[in-house]
Structure formats: C-alpha cells, structure tokens
Amino acid sequence: MRSLTLFPGSAPSTNLGFGTTCLMGLPGSKERLALLETAFDAGIRHFDTAPYYGYGEAERILGDFSVGKRDQLTITTKYGLQPPAMVKSRWVNLLARRILRLFPGLRTRLSQKAQTLSKKGSFTAAEGRRSLEQSLVALKTDHVDLFLLHEPTLADASSEEMCQFLEAEVKRGRIRAYGCGGEFAAIQSIATANLPTAQWLQFEDNVLGRRIEIIRPTGARCITFRTFLEALPQVVAWLEAASGRYAEWERELQVDIHAEGVLAGLMQAASHLRNPDGMVLFSTRRADRIQAAVSVASGRQFSPEQVRKFDALARMVSVPTRTAK
Ligand SMILES: NC(=O)c1ccc[n+]([C@@H]2O[C@H](COP(=O)([O-])OP(=O)(O)OC[C@H]3O[C@@H](n4cnc5c(N)ncnc54)[C@H](OP(=O)(O)O)[C@@H]3O)[C@@H](O)[C@H]2O)c1
C-alpha cells in the first residue's frame, strides 16, 4: 500500500483508510476489535471516526484498539454532528442493540429516526473544545491527527472564532491538522472560498460522481468516501439493464466482472487513480473485504492500464439523478 504523510512529522499513514461506521453492524466489542486488528495487520494505518458513529461507541472501540499502537497509525475524528442526547447514554445504546439483535428488521427505521433527532453543532469554539476533549477521552489519546468539522456550512467553516480555536489546538498539539468533511455542495463552496479550514477536505467521490475533479484543482488535500455505497448497485443495475454490456467490459478489461469482488475492486482502484496523492476511505464488516481492499490499494489486483480503461468505461454509465437529501 502507498504510504502517506498527512503533515510534516505525522505518524505513517496509508492511501487507504478504514472508516468505523460499519463496525456498529457487528454484534459486540470482541468482533469490532478483531475487525480493526484485521485492518491493521493488513497494513491499513488510517482510521476515520466521529462522535456521531455508533453514537460514541465507534470512538470508544477505536480508542481501545489503538492503545499500544497509537504512534503507528493516524486518526481522524470530527466535530459538529452530535447524536441525540438520549442515545448518548451507554445503557440506552446497549438496550437498543439488544432489541435490534432480536428484531433486526427495526434497524433501518430506528436509524432513520435517530438521524432526524441528531443535532447539528453550532460550531463555536466552546463546543468544539468540549467535543474534542470528549473525543480524546473516548479515543484514549492525547491528540488526533485530523480534526474535521462534520457537515459544516460555508458560514460554519468561515467562522473566525472557529479558525482561531483550531489553530490554538494545533499549537497546543491536541490536533495536528484540520479541515472539513461532509455533503459535497458545502465542501465545494468551502474549497472555492479557499478558507483555512479547506486544507483537508473529505467528501464523496466515485465513478458515478467524480467530484474530486472539482476539488483537486483548488489545492486542498482530498480524502474521499462513498466508493461503494449506492454507486456499486447502480453500476451493477446499469450493466444488467442491457445485454452485451458485461461482455463488452470483460473483453475490454480482460477480467471476469462477475467474479466476487472484481467490480468493487475496479471501482476502488479508480478512486485511487482519481486521488493519487490523497486517501480513499471505505468501510465493511467483513475481514475478507478488508484484505481485498488492501490488495487493490497496493496495486496488486489490477494493472494501471486496466484501471484507466475501467475509469473511462464507467463514464458511459448513466443513472437517474439523485434527489437531494
Ligand atoms: N462526512 C464525512 O466525513 C463522512 C461521511 C460518510 C462516510 N465517511 C467515512 O467513510 C467511511 C466509508 O463510508 P462510505 O459511506 O464511503 O461507505 P462505502 O465504503 O462506500 O460503502 C460501505 C458499504 O459497502 C459495502 N462494501 C464494502 N466493501 C465492499 C466490497 N468489496 N464489495 C461490495 N460491498 C462492499 C459494505 O458492506 P459489508 O459490511 O457487507 O461489506 C458497506 O455496506 C465511513 O465509515 C466513514 O468513516 C465520512
């Protein structure tokens, strides 16, 4: 895997980062820690989390996992999107998970409900400091490598008070670098305004929405996500919608697109191709998919020529326009 230096003096990081959202799909701490160990053993050295993921549980598990290896990896956490107060309680969380284990069909409805109750941060220095301090405790560390404003608007990211707080925390050593992560329209406006909070930008990018082509020219360092979610089933649906499409891609690329992991692997390889000096995040509950993603990020699975051809072929895919969420 390509190693990546996030900032001068940073711990070694990698061009593939593991996102902690899917951890919460595993039944308990033992399985979650084992998955993080699999990612680390496979060579992944960056982990992305937020107080919002698993309503605090993702940061706590990542903290347990990184004890004893903190100087060998980099961590992003975020500030701004807060879980609803009632689900911040560990007991409410545990109870909810027990119920979900008994009635898995409730998962989607409960998660939608929780999202509507989630509180957007006010992005003041005081709230940022409070959130950072809670994250450091949960992560069992004295610093985070990247601290991102989570789903900020342009106004949030432009706040002078916020920028002064972030700079002061960099000087203090509790955060090493900062930026913004979230919904693309806001990220684009933050990048275009060339704000201090646009040093690192985290946003969705995939073969169906090559948003990085807009952001990279601004000079921001890019971390992308959403390689698979939504885009993978849409590409599959497009391939299946007309006879001959699979056969044409297989002929051009000289691979069996139907084979397990091949299409996903090509989509991930294309994400790295579009973001050659940045990082691609992904998440999964499955150890075998971590191994496969590492193999792709290391350039072992496909030749550069195959990836370039795939990226060009995928421009033919047209999908119905998404409605804004
Ligand atoms: N605002 C922000 O900054 C922000 C927003 C969203 C996400 N993120 C970060 O990005 C991370 C990744 O999230 P994402 O939204 O970009 O999701 P993603 O990685 O594009 O997709 C994850 C989903 O794809 C499936 N998957 C993973 N590998 C696969 C493969 N090889 N083949 C088929 N399916 C596969 C996983 O299911 P299985 O478990 O079944 O494998 C999971 O449901 C998050 O964990 C989070 O850390 C940040």
# chains A, B, ... in the order shown; residues from 1 in each chain; ligands from 1
$ closest_atom_pairs --of "chain A" --to "ligand 1" --cutoff "6 Å" --atoms "only C-alpha atoms and all ligand atoms" --output "CSV"
residue,atom,partner,partner_atom_place_in_ligand_line,distance
A:Gly19,CA,ligand 1,45 (O),3.2
A:Thr20,CA,ligand 1,45 (O),4.4
A:Thr21,CA,ligand 1,45 (O),3.9
A:Cys22,CA,ligand 1,39 (O),5.9
A:Asp48,CA,ligand 1,47 (O),4.5
A:Thr49,CA,ligand 1,47 (O),5.3
A:His150,CA,ligand 1,1 (N),5.7
A:Glu151,CA,ligand 1,1 (N),5.8
A:Gly181,CA,ligand 1,3 (O),3.9
A:Gly182,CA,ligand 1,1 (N),3.5
A:Gln202,CA,ligand 1,3 (O),5.3
A:Phe225,CA,ligand 1,16 (O),3.7
A:Arg226,CA,ligand 1,16 (O),3.1
A:Thr227,CA,ligand 1,20 (O),4.1
A:Phe228,CA,ligand 1,20 (O),3.6
A:Leu229,CA,ligand 1,20 (O),4.0
A:Gly261,CA,ligand 1,31 (N),5.2
A:Ala264,CA,ligand 1,31 (N),5.0
A:Leu281,CA,ligand 1,10 (O),5.1
A:Phe282,CA,ligand 1,19 (O),3.3
A:Ser283,CA,ligand 1,19 (O),4.2
A:Thr284,CA,ligand 1,39 (O),3.5
A:Arg285,CA,ligand 1,39 (O),3.8
A:Arg286,CA,ligand 1,41 (O),5.3
A:Arg289,CA,ligand 1,31 (N),5.1
$ residues_around --residues "Glu127 of chain A" --least-positions-apart "2" --cutoff "12 Å" --atoms "only C-alpha atoms" --output "list in words"
Tyr79, Gly80, Leu81, Gln82, Lys120, Gly121, Ser122, Phe123, Thr124, Ala125, Arg129, Arg130, Ser131, Leu132, Glu133, Gln134, Leu149, Glu161, Met162, Phe165 and Leu166 of chain A
$ write_last_selection --atoms "C-alpha atoms" --output "PDB file, in the first residue's frame"
ATOM      1  CA  TYR A  79     -16.887  17.756  15.459  1.00  0.00           C
ATOM      2  CA  GLY A  80     -20.336  19.121  14.720  1.00  0.00           C
ATOM      3  CA  LEU A  81     -22.813  16.327  14.184  1.00  0.00           C
ATOM      4  CA  GLN A  82     -23.967  15.121  17.575  1.00  0.00           C
ATOM      5  CA  LYS A 120     -26.075  19.783  14.182  1.00  0.00           C
ATOM      6  CA  GLY A 121     -23.309  21.550  16.092  1.00  0.00           C
ATOM      7  CA  SER A 122     -23.216  25.299  16.432  1.00  0.00           C
ATOM      8  CA  PHE A 123     -19.518  25.266  15.507  1.00  0.00           C
ATOM      9  CA  THR A 124     -18.484  27.590  18.294  1.00  0.00           C
ATOM     10  CA  ALA A 125     -15.027  27.392  19.836  1.00  0.00           C
ATOM     11  CA  ARG A 129     -13.277  22.316  22.595  1.00  0.00           C
ATOM     12  CA  ARG A 130     -15.829  20.307  24.578  1.00  0.00           C
ATOM     13  CA  SER A 131     -16.275  17.836  21.728  1.00  0.00           C
ATOM     14  CA  LEU A 132     -12.509  17.475  21.178  1.00  0.00           C
ATOM     15  CA  GLU A 133     -11.956  16.814  24.878  1.00  0.00           C
ATOM     16  CA  GLN A 134     -14.668  14.121  24.913  1.00  0.00           C
ATOM     17  CA  LEU A 149     -15.778  19.955  11.020  1.00  0.00           C
ATOM     18  CA  GLU A 161     -13.612  32.145  16.120  1.00  0.00           C
ATOM     19  CA  MET A 162     -13.580  28.532  14.925  1.00  0.00           C
ATOM     20  CA  PHE A 165      -9.729  27.706  18.145  1.00  0.00           C
ATOM     21  CA  LEU A 166      -8.398  25.179  15.598  1.00  0.00           C
TER      22      LEU A 166
END
$ atom_distance --atom1 "atom CA of Tyr178 of chain A" --atom2 "atom CA of Phe65 of chain A"
23.0 Å
$ closest_residue --among "A:Val296, A:Met1, A:Val319, A:Ala312" --to "Pro233 of chain A" --atoms "only C-alpha atoms"
A:Val319
$ atom_distance --atom1 "atom CA of Thr14 of chain A" --atom2 "atom CA of Val67 of chain A"
19.2 Å
$ select_by_dssp --residues "segment 97-271 of chain A" --states "strand (DSSP E)" --output "list in words"
Lys119, Lys120, Val144, Asp145, Leu146, Phe147, Leu148, Leu149, His150, Ile175, Arg176, Ala177, Tyr178, Gly179, Cys180, Gly181, Trp200, Leu201, Gln202, Phe203, Glu204, Arg221, Cys222, Ile223, Thr224 and Phe225 of chain A
$ atom_distance --atom1 "atom CA of Pro12 of chain A" --atom2 "atom CA of Ala168 of chain A"
24.0 Å
$ select_by_dssp --residues "segment 41-237 of chain A" --states "alpha helix (DSSP H)" --output "PyMOL selection string"
chain A and resi 41+57-66+85-88+90-102+107-117+125-139+154-158+160-172+184-192+212-215+231-237
$ residues_around --residues "Gly265 of chain A" --least-positions-apart "5" --cutoff "8 Å" --atoms "only C-alpha atoms" --output "list in words"
Ala292, Ala293, Val296 and Gln301 of chain A
$ closest_residue --among "A:Glu240, A:His143, A:Ala186, A:Ala155" --to "Lys171 of chain A" --atoms "only C-alpha atoms"
A:His143
$ closest_residue --among "A:Trp238, A:Phe7, A:Phe18, A:Trp249" --to "Ala39 of chain A" --atoms "only C-alpha atoms"
A:Phe18
$ closest_residue --among "A:Thr153, A:Asn15, A:Gln234, A:Thr38" --to "Gly299 of chain A" --atoms "only C-alpha atoms"
A:Asn15
$ residues_around --residues "segment 302-311 of chain A" --least-positions-apart "3" --cutoff "12 Å" --atoms "only C-alpha atoms" --output "CSV table (one decimal) with all heavy atoms, in the first residue's frame"
chain,number,residue,atom,x,y,z
A,206,ASN,N,-17.0,8.9,-6.5
A,206,ASN,CA,-17.0,7.6,-7.1
A,206,ASN,C,-17.1,7.7,-8.6
A,206,ASN,O,-17.2,8.8,-9.2
A,206,ASN,CB,-18.1,6.7,-6.5
A,206,ASN,CG,-19.4,7.3,-6.6
A,206,ASN,OD1,-19.9,7.7,-7.6
A,206,ASN,ND2,-20.1,7.5,-5.4
A,207,VAL,N,-17.1,6.5,-9.3
A,207,VAL,CA,-17.1,6.6,-10.8
A,207,VAL,C,-18.4,7.2,-11.3
A,207,VAL,O,-18.4,7.7,-12.4
A,207,VAL,CB,-17.0,5.1,-11.4
A,207,VAL,CG1,-15.6,4.7,-11.3
A,207,VAL,CG2,-18.0,4.2,-10.8
A,208,LEU,N,-19.4,7.3,-10.5
A,208,LEU,CA,-20.7,8.0,-11.0
A,208,LEU,C,-20.7,9.4,-10.6
A,208,LEU,O,-21.6,10.2,-11.1
A,208,LEU,CB,-21.9,7.2,-10.4
A,208,LEU,CG,-22.0,5.8,-10.7
A,208,LEU,CD1,-23.3,5.2,-10.2
A,208,LEU,CD2,-21.9,5.5,-12.2
A,209,GLY,N,-19.8,9.9,-9.8
A,209,GLY,CA,-19.8,11.3,-9.4
A,209,GLY,C,-18.4,11.7,-9.1
A,209,GLY,O,-18.0,11.5,-7.9
A,210,ARG,N,-17.7,12.2,-10.1
A,210,ARG,CA,-16.3,12.4,-10.0
A,210,ARG,C,-16.0,13.8,-9.4
A,210,ARG,O,-15.5,14.7,-10.0
A,210,ARG,CB,-15.6,12.3,-11.3
A,210,ARG,CG,-15.7,10.9,-11.9
A,210,ARG,CD,-15.7,10.8,-13.4
A,210,ARG,NE,-16.1,9.5,-13.9
A,210,ARG,CZ,-15.3,8.6,-14.2
A,210,ARG,NH1,-14.0,8.8,-14.1
A,210,ARG,NH2,-15.8,7.4,-14.6
A,235,VAL,N,-24.1,0.7,-10.6
A,235,VAL,CA,-23.3,0.2,-11.8
A,235,VAL,C,-23.8,-1.2,-12.2
A,235,VAL,O,-23.9,-1.5,-13.4
A,235,VAL,CB,-21.8,0.2,-11.5
A,235,VAL,CG1,-21.0,-0.4,-12.6
A,235,VAL,CG2,-21.3,1.7,-11.2
A,248,GLU,N,-18.9,-6.7,-23.1
A,248,GLU,CA,-18.0,-5.6,-23.6
A,248,GLU,C,-17.0,-5.2,-22.6
A,248,GLU,O,-15.8,-5.1,-22.9
A,248,GLU,CB,-18.9,-4.4,-24.0
A,248,GLU,CG,-18.0,-3.4,-24.8
A,248,GLU,CD,-18.7,-2.0,-24.8
A,248,GLU,OE1,-19.9,-1.9,-24.6
A,248,GLU,OE2,-17.9,-1.0,-25.1
A,249,TRP,N,-17.4,-5.0,-21.4
A,249,TRP,CA,-16.4,-4.6,-20.3
A,249,TRP,C,-15.4,-5.7,-20.1
A,249,TRP,O,-14.2,-5.5,-19.9
A,249,TRP,CB,-17.1,-4.3,-19.0
A,249,TRP,CG,-17.8,-2.9,-19.0
A,249,TRP,CD1,-18.1,-2.2,-20.1
A,249,TRP,CD2,-18.1,-2.1,-17.9
A,249,TRP,NE1,-18.7,-1.0,-19.8
A,249,TRP,CE2,-18.6,-0.9,-18.4
A,249,TRP,CE3,-17.9,-2.2,-16.5
A,249,TRP,CZ2,-19.0,0.2,-17.6
A,249,TRP,CZ3,-18.3,-1.2,-15.7
A,249,TRP,CH2,-18.9,0.0,-16.2
A,250,GLU,N,-15.9,-7.0,-20.1
A,250,GLU,CA,-15.0,-8.1,-19.9
A,250,GLU,C,-13.9,-8.2,-21.0
A,250,GLU,O,-12.8,-8.5,-20.7
A,250,GLU,CB,-15.8,-9.4,-19.7
A,250,GLU,CG,-16.5,-9.4,-18.4
A,250,GLU,CD,-17.2,-10.7,-18.0
A,250,GLU,OE1,-17.5,-11.5,-18.9
A,250,GLU,OE2,-17.5,-10.8,-16.8
A,251,ARG,N,-14.4,-8.0,-22.2
A,251,ARG,CA,-13.5,-8.0,-23.4
A,251,ARG,C,-12.5,-6.9,-23.2
A,251,ARG,O,-11.3,-7.1,-23.4
A,251,ARG,CB,-14.3,-7.8,-24.6
A,251,ARG,CG,-13.6,-8.3,-25.9
A,251,ARG,CD,-14.6,-8.3,-27.1
A,251,ARG,NE,-15.4,-7.1,-27.2
A,251,ARG,CZ,-16.7,-7.0,-27.1
A,251,ARG,NH1,-17.4,-8.1,-26.8
A,251,ARG,NH2,-17.3,-5.9,-27.3
A,252,GLU,N,-12.9,-5.7,-22.9
A,252,GLU,CA,-12.0,-4.6,-22.8
A,252,GLU,C,-11.0,-4.7,-21.7
A,252,GLU,O,-9.8,-4.3,-21.8
A,252,GLU,CB,-12.8,-3.3,-22.6
A,252,GLU,CG,-13.6,-2.8,-23.8
A,252,GLU,CD,-12.7,-2.2,-24.9
A,252,GLU,OE1,-11.7,-1.6,-24.5
A,252,GLU,OE2,-13.1,-2.3,-26.0
A,253,LEU,N,-11.5,-5.2,-20.6
A,253,LEU,CA,-10.7,-5.2,-19.3
A,253,LEU,C,-9.9,-6.5,-19.1
A,253,LEU,O,-9.0,-6.6,-18.3
A,253,LEU,CB,-11.5,-4.9,-18.1
A,253,LEU,CG,-12.2,-3.6,-18.1
A,253,LEU,CD1,-13.3,-3.4,-17.0
A,253,LEU,CD2,-11.2,-2.4,-18.0
A,254,GLN,N,-10.4,-7.6,-19.8
A,254,GLN,CA,-9.7,-8.9,-19.7
A,254,GLN,C,-9.9,-9.4,-18.2
A,254,GLN,O,-8.9,-9.9,-17.7
A,254,GLN,CB,-8.3,-8.9,-20.1
A,254,GLN,CG,-8.1,-8.6,-21.6
A,254,GLN,CD,-8.6,-9.7,-22.5
A,254,GLN,OE1,-8.1,-10.8,-22.3
A,254,GLN,NE2,-9.6,-9.5,-23.3
A,255,VAL,N,-11.1,-9.2,-17.6
A,255,VAL,CA,-11.3,-9.8,-16.3
A,255,VAL,C,-12.7,-10.3,-16.3
A,255,VAL,O,-13.6,-9.9,-17.1
A,255,VAL,CB,-11.2,-8.7,-15.2
A,255,VAL,CG1,-9.8,-8.3,-14.9
A,255,VAL,CG2,-12.1,-7.5,-15.4
A,257,ILE,N,-15.9,-9.9,-14.7
A,257,ILE,CA,-16.5,-8.9,-13.9
A,257,ILE,C,-17.5,-9.5,-12.9
A,257,ILE,O,-17.8,-8.9,-11.9
A,257,ILE,CB,-17.3,-7.9,-14.8
A,257,ILE,CG1,-16.5,-7.2,-15.8
A,257,ILE,CG2,-18.1,-6.8,-13.9
A,257,ILE,CD1,-15.9,-5.9,-15.4
A,262,VAL,N,-14.6,-8.3,-8.0
A,262,VAL,CA,-13.9,-7.7,-9.1
A,262,VAL,C,-14.4,-6.2,-9.4
A,262,VAL,O,-13.7,-5.3,-9.5
A,262,VAL,CB,-13.9,-8.6,-10.4
A,262,VAL,CG1,-13.4,-7.8,-11.6
A,262,VAL,CG2,-13.1,-9.8,-10.1
A,263,LEU,N,-15.7,-6.1,-9.6
A,263,LEU,CA,-16.3,-4.8,-9.9
A,263,LEU,C,-16.0,-3.8,-8.8
A,263,LEU,O,-15.6,-2.7,-9.0
A,263,LEU,CB,-17.8,-4.9,-10.2
A,263,LEU,CG,-18.5,-3.7,-10.7
A,263,LEU,CD1,-17.8,-3.1,-11.9
A,263,LEU,CD2,-20.0,-3.9,-10.9
A,264,ALA,N,-16.2,-4.2,-7.5
A,264,ALA,CA,-15.9,-3.4,-6.4
A,264,ALA,C,-14.5,-3.0,-6.4
A,264,ALA,O,-14.1,-1.8,-6.1
A,264,ALA,CB,-16.3,-4.1,-5.1
A,265,GLY,N,-13.6,-4.0,-6.7
A,265,GLY,CA,-12.2,-3.7,-6.7
A,265,GLY,C,-11.8,-2.7,-7.8
A,265,GLY,O,-11.0,-1.8,-7.5
A,266,LEU,N,-12.4,-2.8,-8.9
A,266,LEU,CA,-12.1,-1.8,-10.0
A,266,LEU,C,-12.6,-0.4,-9.6
A,266,LEU,O,-11.9,0.6,-9.9
A,266,LEU,CB,-12.8,-2.3,-11.3
A,266,LEU,CG,-12.1,-3.4,-12.0
A,266,LEU,CD1,-13.1,-4.1,-13.1
A,266,LEU,CD2,-10.8,-3.0,-12.7
A,267,MET,N,-13.8,-0.4,-8.9
A,267,MET,CA,-14.3,0.9,-8.5
A,267,MET,C,-13.3,1.6,-7.5
A,267,MET,O,-13.1,2.8,-7.5
A,267,MET,CB,-15.7,0.8,-8.0
A,267,MET,CG,-16.7,0.5,-9.1
A,267,MET,SD,-18.4,0.2,-8.5
A,267,MET,CE,-18.9,1.8,-8.0
A,268,GLN,N,-12.8,0.8,-6.6
A,268,GLN,CA,-11.9,1.3,-5.6
A,268,GLN,C,-10.6,1.7,-6.3
A,268,GLN,O,-10.0,2.8,-6.0
A,268,GLN,CB,-11.6,0.2,-4.5
A,268,GLN,CG,-10.7,0.7,-3.4
A,268,GLN,CD,-10.0,-0.4,-2.7
A,268,GLN,OE1,-10.6,-1.5,-2.5
A,268,GLN,NE2,-8.8,-0.1,-2.2
A,269,ALA,N,-10.1,0.9,-7.2
A,269,ALA,CA,-8.8,1.2,-7.9
A,269,ALA,C,-9.0,2.6,-8.6
A,269,ALA,O,-8.1,3.4,-8.7
A,269,ALA,CB,-8.4,0.1,-8.8
A,270,ALA,N,-10.2,2.8,-9.2
A,270,ALA,CA,-10.5,4.0,-9.9
A,270,ALA,C,-10.5,5.2,-9.0
A,270,ALA,O,-10.1,6.3,-9.3
A,270,ALA,CB,-11.8,3.9,-10.7
A,271,SER,N,-11.0,5.0,-7.7
A,271,SER,CA,-11.0,6.1,-6.7
A,271,SER,C,-9.5,6.5,-6.4
A,271,SER,O,-9.2,7.7,-6.3
A,271,SER,CB,-11.6,5.6,-5.4
A,271,SER,OG,-13.0,5.5,-5.6
A,272,HIS,N,-8.6,5.5,-6.3
A,272,HIS,CA,-7.2,5.8,-6.0
A,272,HIS,C,-6.6,6.5,-7.2
A,272,HIS,O,-5.8,7.4,-7.1
A,272,HIS,CB,-6.4,4.5,-5.7
A,272,HIS,CG,-6.8,3.9,-4.4
A,272,HIS,ND1,-6.5,4.4,-3.2
A,272,HIS,CD2,-7.3,2.6,-4.2
A,272,HIS,CE1,-6.9,3.6,-2.3
A,272,HIS,NE2,-7.5,2.5,-2.8
A,273,LEU,N,-7.0,6.1,-8.4
A,273,LEU,CA,-6.5,6.7,-9.6
A,273,LEU,C,-6.8,8.2,-9.7
A,273,LEU,O,-6.0,9.1,-10.0
A,273,LEU,CB,-7.0,6.0,-10.9
A,273,LEU,CG,-6.7,6.6,-12.2
A,273,LEU,CD1,-5.2,6.2,-12.6
A,273,LEU,CD2,-7.6,6.1,-13.3
A,274,ARG,N,-8.1,8.5,-9.3
A,274,ARG,CA,-8.5,9.9,-9.3
A,274,ARG,C,-7.9,10.8,-8.2
A,274,ARG,O,-7.9,12.0,-8.2
A,274,ARG,CB,-10.0,10.0,-9.2
A,274,ARG,CG,-10.8,9.6,-10.5
A,274,ARG,CD,-12.2,9.9,-10.4
A,274,ARG,NE,-12.9,9.3,-9.3
A,274,ARG,CZ,-13.3,8.0,-9.2
A,274,ARG,NH1,-13.2,7.2,-10.3
A,274,ARG,NH2,-13.9,7.5,-8.1
A,292,ALA,N,-9.1,-7.7,0.5
A,292,ALA,CA,-9.3,-7.4,-0.9
A,292,ALA,C,-9.0,-5.9,-1.2
A,292,ALA,O,-8.3,-5.6,-2.1
A,292,ALA,CB,-10.7,-7.8,-1.4
A,293,ALA,N,-9.5,-5.1,-0.3
A,293,ALA,CA,-9.3,-3.6,-0.5
A,293,ALA,C,-7.8,-3.2,-0.4
A,293,ALA,O,-7.3,-2.4,-1.1
A,293,ALA,CB,-10.1,-2.8,0.6
A,295,SER,N,-5.4,-5.2,-1.1
A,295,SER,CA,-4.7,-5.7,-2.3
A,295,SER,C,-4.9,-4.7,-3.5
A,295,SER,O,-4.0,-4.4,-4.2
A,295,SER,CB,-5.3,-7.1,-2.6
A,295,SER,OG,-4.9,-7.5,-3.8
A,296,VAL,N,-6.1,-4.2,-3.6
A,296,VAL,CA,-6.4,-3.2,-4.6
A,296,VAL,C,-5.6,-1.9,-4.4
A,296,VAL,O,-4.9,-1.4,-5.3
A,296,VAL,CB,-7.9,-2.8,-4.6
A,296,VAL,CG1,-8.2,-1.6,-5.5
A,296,VAL,CG2,-8.7,-4.0,-5.1
A,297,ALA,N,-5.6,-1.4,-3.1
A,297,ALA,CA,-4.8,-0.2,-2.8
A,297,ALA,C,-3.3,-0.4,-3.0
A,297,ALA,O,-2.6,0.6,-3.3
A,297,ALA,CB,-5.1,0.3,-1.4
A,298,SER,N,-2.8,-1.6,-2.9
A,298,SER,CA,-1.4,-1.9,-3.1
A,298,SER,C,-1.1,-2.0,-4.6
A,298,SER,O,0.1,-2.2,-5.0
A,298,SER,CB,-1.0,-3.2,-2.4
A,298,SER,OG,-1.5,-3.2,-1.1
A,299,GLY,N,-2.1,-2.0,-5.5
A,299,GLY,CA,-1.9,-2.1,-6.9
A,299,GLY,C,-1.6,-3.5,-7.4
A,299,GLY,O,-1.1,-3.7,-8.5
A,314,ALA,N,-16.5,3.4,-17.3
A,314,ALA,CA,-17.6,3.8,-16.4
A,314,ALA,C,-18.2,5.1,-16.7
A,314,ALA,O,-19.3,5.5,-16.2
A,314,ALA,CB,-17.0,3.8,-14.9
A,315,ARG,N,-17.5,6.0,-17.5
A,315,ARG,CA,-18.2,7.2,-17.9
A,315,ARG,C,-19.4,7.0,-18.7
A,315,ARG,O,-20.2,7.9,-18.9
A,315,ARG,CB,-17.2,8.1,-18.7
A,315,ARG,CG,-16.1,8.7,-17.8
A,315,ARG,CD,-15.2,9.7,-18.5
A,315,ARG,NE,-14.1,10.1,-17.7
A,315,ARG,CZ,-14.0,11.1,-16.8
A,315,ARG,NH1,-15.1,11.8,-16.7
A,315,ARG,NH2,-13.0,11.3,-16.1
A,316,MET,N,-19.6,5.8,-19.3
A,316,MET,CA,-20.7,5.5,-20.1
A,316,MET,C,-22.0,5.3,-19.2
A,316,MET,O,-23.1,5.3,-19.7
A,316,MET,CB,-20.5,4.2,-20.9
A,316,MET,CG,-19.3,4.3,-21.8
A,316,MET,SD,-19.1,2.8,-22.9
A,316,MET,CE,-19.7,1.5,-22.0
A,317,VAL,N,-21.8,5.0,-17.9
A,317,VAL,CA,-22.9,4.6,-17.1
A,317,VAL,C,-23.7,5.8,-16.8
A,317,VAL,O,-23.2,6.8,-16.3
A,317,VAL,CB,-22.4,4.0,-15.7
A,317,VAL,CG1,-23.5,3.6,-14.8
A,317,VAL,CG2,-21.5,2.8,-16.0
